[in-house]
Amino acid sequence: MNRVVTGAHYGLRDWLAQRITAVIMAIYSVIAVVVLISSKSITYAVWRDLFAQGWMRVATLLFAVSLAWHAWVGVRDILMDYIKPDGLRLSLQVGTLLVIATYVGWTIQILWR
Amino acid sequence: MSDAALKTPVRKPRPKYLNLQALLFEIRLPVTGWISILHRISGALLFVALVWLLWMLDHSLSSEAAFEKIKHYAGLWPVKLALLVLVWAYSHHFCAGIRYLFLDLDKGLEKGTARMTSWIVFGTSFALTAFLGWRLW
């Protein structure tokens, strides 16, 4: 099979993923803001009970995974635009992936402690 | 034909090289360009701030004492200011992002519409920042 490593359609999946994750995060954000401003005062009990609910944990995890994927595409685009030396760019991209994976792990730890 | 039209037009010096002076004083971005670069800057800023936000979320959910500490910490004015900048970054990224989703669907591509929606993005994101800043403190 003759495959070209550059050219049309190779970036389509990332492009689409960035948009789908954006929509997921936008919906979560609107719900979160409505929940936060509709409660009179946010005490520890209110805050803890909110994150104790199963749907909130799953929704927040969905948000975190969307954010991870979305941010990966965005940061990768920035690195591709401004960092020209290949070795440095690759190192920064690998570093970014590691940081993002760590954040997702940390988020799971926070949500299911 | 008038004489003026026959005269050769004033030639701008070309090629034009990018340098700091050109970037700061000579090249002026249209409002759509500002939306674009601020979308990138706000995204990068939010990514960099993520570790701090996660740290605060972690503490706020760990115990009542830690929650009260974070609440007090978030009330200090430099922290409040930094958080407000992040609220603006999120609002801008959110509004400009919705605009881009419409552009992807070939909606609002005409110059006039594109400029108008850019101003709407600026206005809405500042209004959202003000509203959220007022409601959350």
# chains A, B, ... in the order shown; residues from 1 in each chain; ligands from 1
>>> residues_around(residues="segment 72-81 of chain B", least_positions_apart="2", cutoff="12 Å", atoms="only C-alpha atoms", output="PyMOL selection string")
chain B and resi 52-53+56-57+59-60+65-70+83-88+129+133-134+136-137
>>> closest_atom_pairs(of="chain A", to="chain B", cutoff="7 Å", atoms="only C-alpha atoms", output="CSV")
residue,atom,partner,partner_atom,distance
A:Ile37,CA,B:Arg135,CA,6.7
A:Tyr44,CA,B:Glu64,CA,5.8
A:Arg48,CA,B:Leu61,CA,6.2
A:Ala71,CA,B:Phe47,CA,6.9
A:Ile110,CA,B:Asp58,CA,5.6
>>> atom_distance(atom1="atom CA of Leu50 of chain A", atom2="atom CA of Phe63 of chain A")
15.5 Å
>>> atom_distance(atom1="atom CA of Pro30 of chain B", atom2="atom CA of His70 of chain A")
26.7 Å
>>> atom_distance(atom1="atom CA of Ala22 of chain A", atom2="atom CA of Glu110 of chain B")
24.1 Å
>>> residues_around(residues="Tyr17 of chain B", least_positions_apart="4", cutoff="12 Å", atoms="only C-alpha atoms", output="PyMOL selection string")
chain B and resi 13+21-23+26-27
>>> write_last_selection(atoms="all heavy atoms", output="PDB file, in the first residue's frame")
ATOM      1  N   PRO B  13       7.081  49.982  -0.025  1.00  0.00           N
ATOM      2  CA  PRO B  13       8.321  49.202  -0.069  1.00  0.00           C
ATOM      3  C   PRO B  13       8.041  47.718   0.150  1.00  0.00           C
ATOM      4  O   PRO B  13       7.403  47.336   1.125  1.00  0.00           O
ATOM      5  CB  PRO B  13       9.164  49.786   1.068  1.00  0.00           C
ATOM      6  CG  PRO B  13       8.210  50.519   1.942  1.00  0.00           C
ATOM      7  CD  PRO B  13       7.052  50.925   1.085  1.00  0.00           C
ATOM      8  N   GLN B  21       9.074  45.999  15.524  1.00  0.00           N
ATOM      9  CA  GLN B  21       8.452  47.299  15.244  1.00  0.00           C
ATOM     10  C   GLN B  21       7.248  47.146  14.327  1.00  0.00           C
ATOM     11  O   GLN B  21       6.186  47.734  14.546  1.00  0.00           O
ATOM     12  CB  GLN B  21       9.483  48.219  14.590  1.00  0.00           C
ATOM     13  CG  GLN B  21       9.037  49.676  14.609  1.00  0.00           C
ATOM     14  CD  GLN B  21       9.845  50.532  13.645  1.00  0.00           C
ATOM     15  OE1 GLN B  21      10.859  50.089  13.110  1.00  0.00           O
ATOM     16  NE2 GLN B  21       9.381  51.739  13.405  1.00  0.00           N
ATOM     17  N   ALA B  22       7.425  46.295  13.302  1.00  0.00           N
ATOM     18  CA  ALA B  22       6.322  46.065  12.366  1.00  0.00           C
ATOM     19  C   ALA B  22       5.144  45.419  13.081  1.00  0.00           C
ATOM     20  O   ALA B  22       3.990  45.807  12.895  1.00  0.00           O
ATOM     21  CB  ALA B  22       6.794  45.184  11.215  1.00  0.00           C
ATOM     22  N   LEU B  23       5.470  44.440  13.931  1.00  0.00           N
ATOM     23  CA  LEU B  23       4.402  43.724  14.632  1.00  0.00           C
ATOM     24  C   LEU B  23       3.648  44.633  15.596  1.00  0.00           C
ATOM     25  O   LEU B  23       2.442  44.515  15.761  1.00  0.00           O
ATOM     26  CB  LEU B  23       4.977  42.525  15.400  1.00  0.00           C
ATOM     27  CG  LEU B  23       5.363  41.314  14.551  1.00  0.00           C
ATOM     28  CD1 LEU B  23       6.105  40.296  15.392  1.00  0.00           C
ATOM     29  CD2 LEU B  23       4.125  40.673  13.937  1.00  0.00           C
ATOM     30  N   GLU B  26       3.080  48.692  12.968  1.00  0.00           N
ATOM     31  CA  GLU B  26       2.735  48.863  11.562  1.00  0.00           C
ATOM     32  C   GLU B  26       1.646  47.921  11.076  1.00  0.00           C
ATOM     33  O   GLU B  26       0.816  48.299  10.261  1.00  0.00           O
ATOM     34  CB  GLU B  26       3.997  48.723  10.698  1.00  0.00           C
ATOM     35  CG  GLU B  26       4.954  49.901  10.913  1.00  0.00           C
ATOM     36  CD  GLU B  26       6.347  49.612  10.395  1.00  0.00           C
ATOM     37  OE1 GLU B  26       6.471  48.785   9.479  1.00  0.00           O
ATOM     38  OE2 GLU B  26       7.306  50.208  10.918  1.00  0.00           O
ATOM     39  N   ILE B  27       1.695  46.693  11.553  1.00  0.00           N
ATOM     40  CA  ILE B  27       0.684  45.742  11.105  1.00  0.00           C
ATOM     41  C   ILE B  27      -0.471  45.777  12.088  1.00  0.00           C
ATOM     42  O   ILE B  27      -0.298  45.505  13.280  1.00  0.00           O
ATOM     43  CB  ILE B  27       1.263  44.317  11.020  1.00  0.00           C
ATOM     44  CG1 ILE B  27       2.394  44.292  10.000  1.00  0.00           C
ATOM     45  CG2 ILE B  27       0.179  43.311  10.657  1.00  0.00           C
ATOM     46  CD1 ILE B  27       3.182  43.010   9.999  1.00  0.00           C
TER      47      ILE B  27
END
>>> select_by_dssp(residues="chain B", states="alpha helix (DSSP H)", output="JSON, numbers by chain")
{"B": [3, 4, 5, 6, 20, 21, 31, 32, 33, 34, 35, 36, 37, 38, 39, 40, 41, 42, 43, 44, 45, 46, 47, 48, 49, 50, 51, 52, 53, 54, 55, 56, 57, 58, 59, 60, 64, 65, 66, 67, 68, 69, 70, 71, 72, 73, 74, 75, 77, 78, 79, 80, 81, 82, 83, 84, 85, 86, 87, 88, 89, 90, 91, 92, 93, 94, 95, 96, 97, 98, 99, 100, 101, 102, 103, 104, 111, 112, 113, 114, 115, 116, 117, 118, 119, 120, 121, 122, 123, 124, 125, 126, 127, 128, 129, 130, 131, 132, 133, 134, 135, 136]}
>>> closest_residue(among="A:Leu62, A:Met56, A:Leu12, A:Ile100", to="Ala26 of chain A", atoms="only C-alpha atoms")
A:Leu62
>>> residues_around(residues="Ala17 of chain A", least_positions_apart="5", cutoff="12 Å", atoms="only C-alpha atoms", output="list of chain:residue names")
A:Gly11, A:Leu12, A:Ala22, A:Val23, A:Ile24, A:Val65, A:Ser66, A:Leu67, A:Ala68, A:Trp69, A:His70, A:Ala71, A:Trp72, A:Val73, A:Gly74
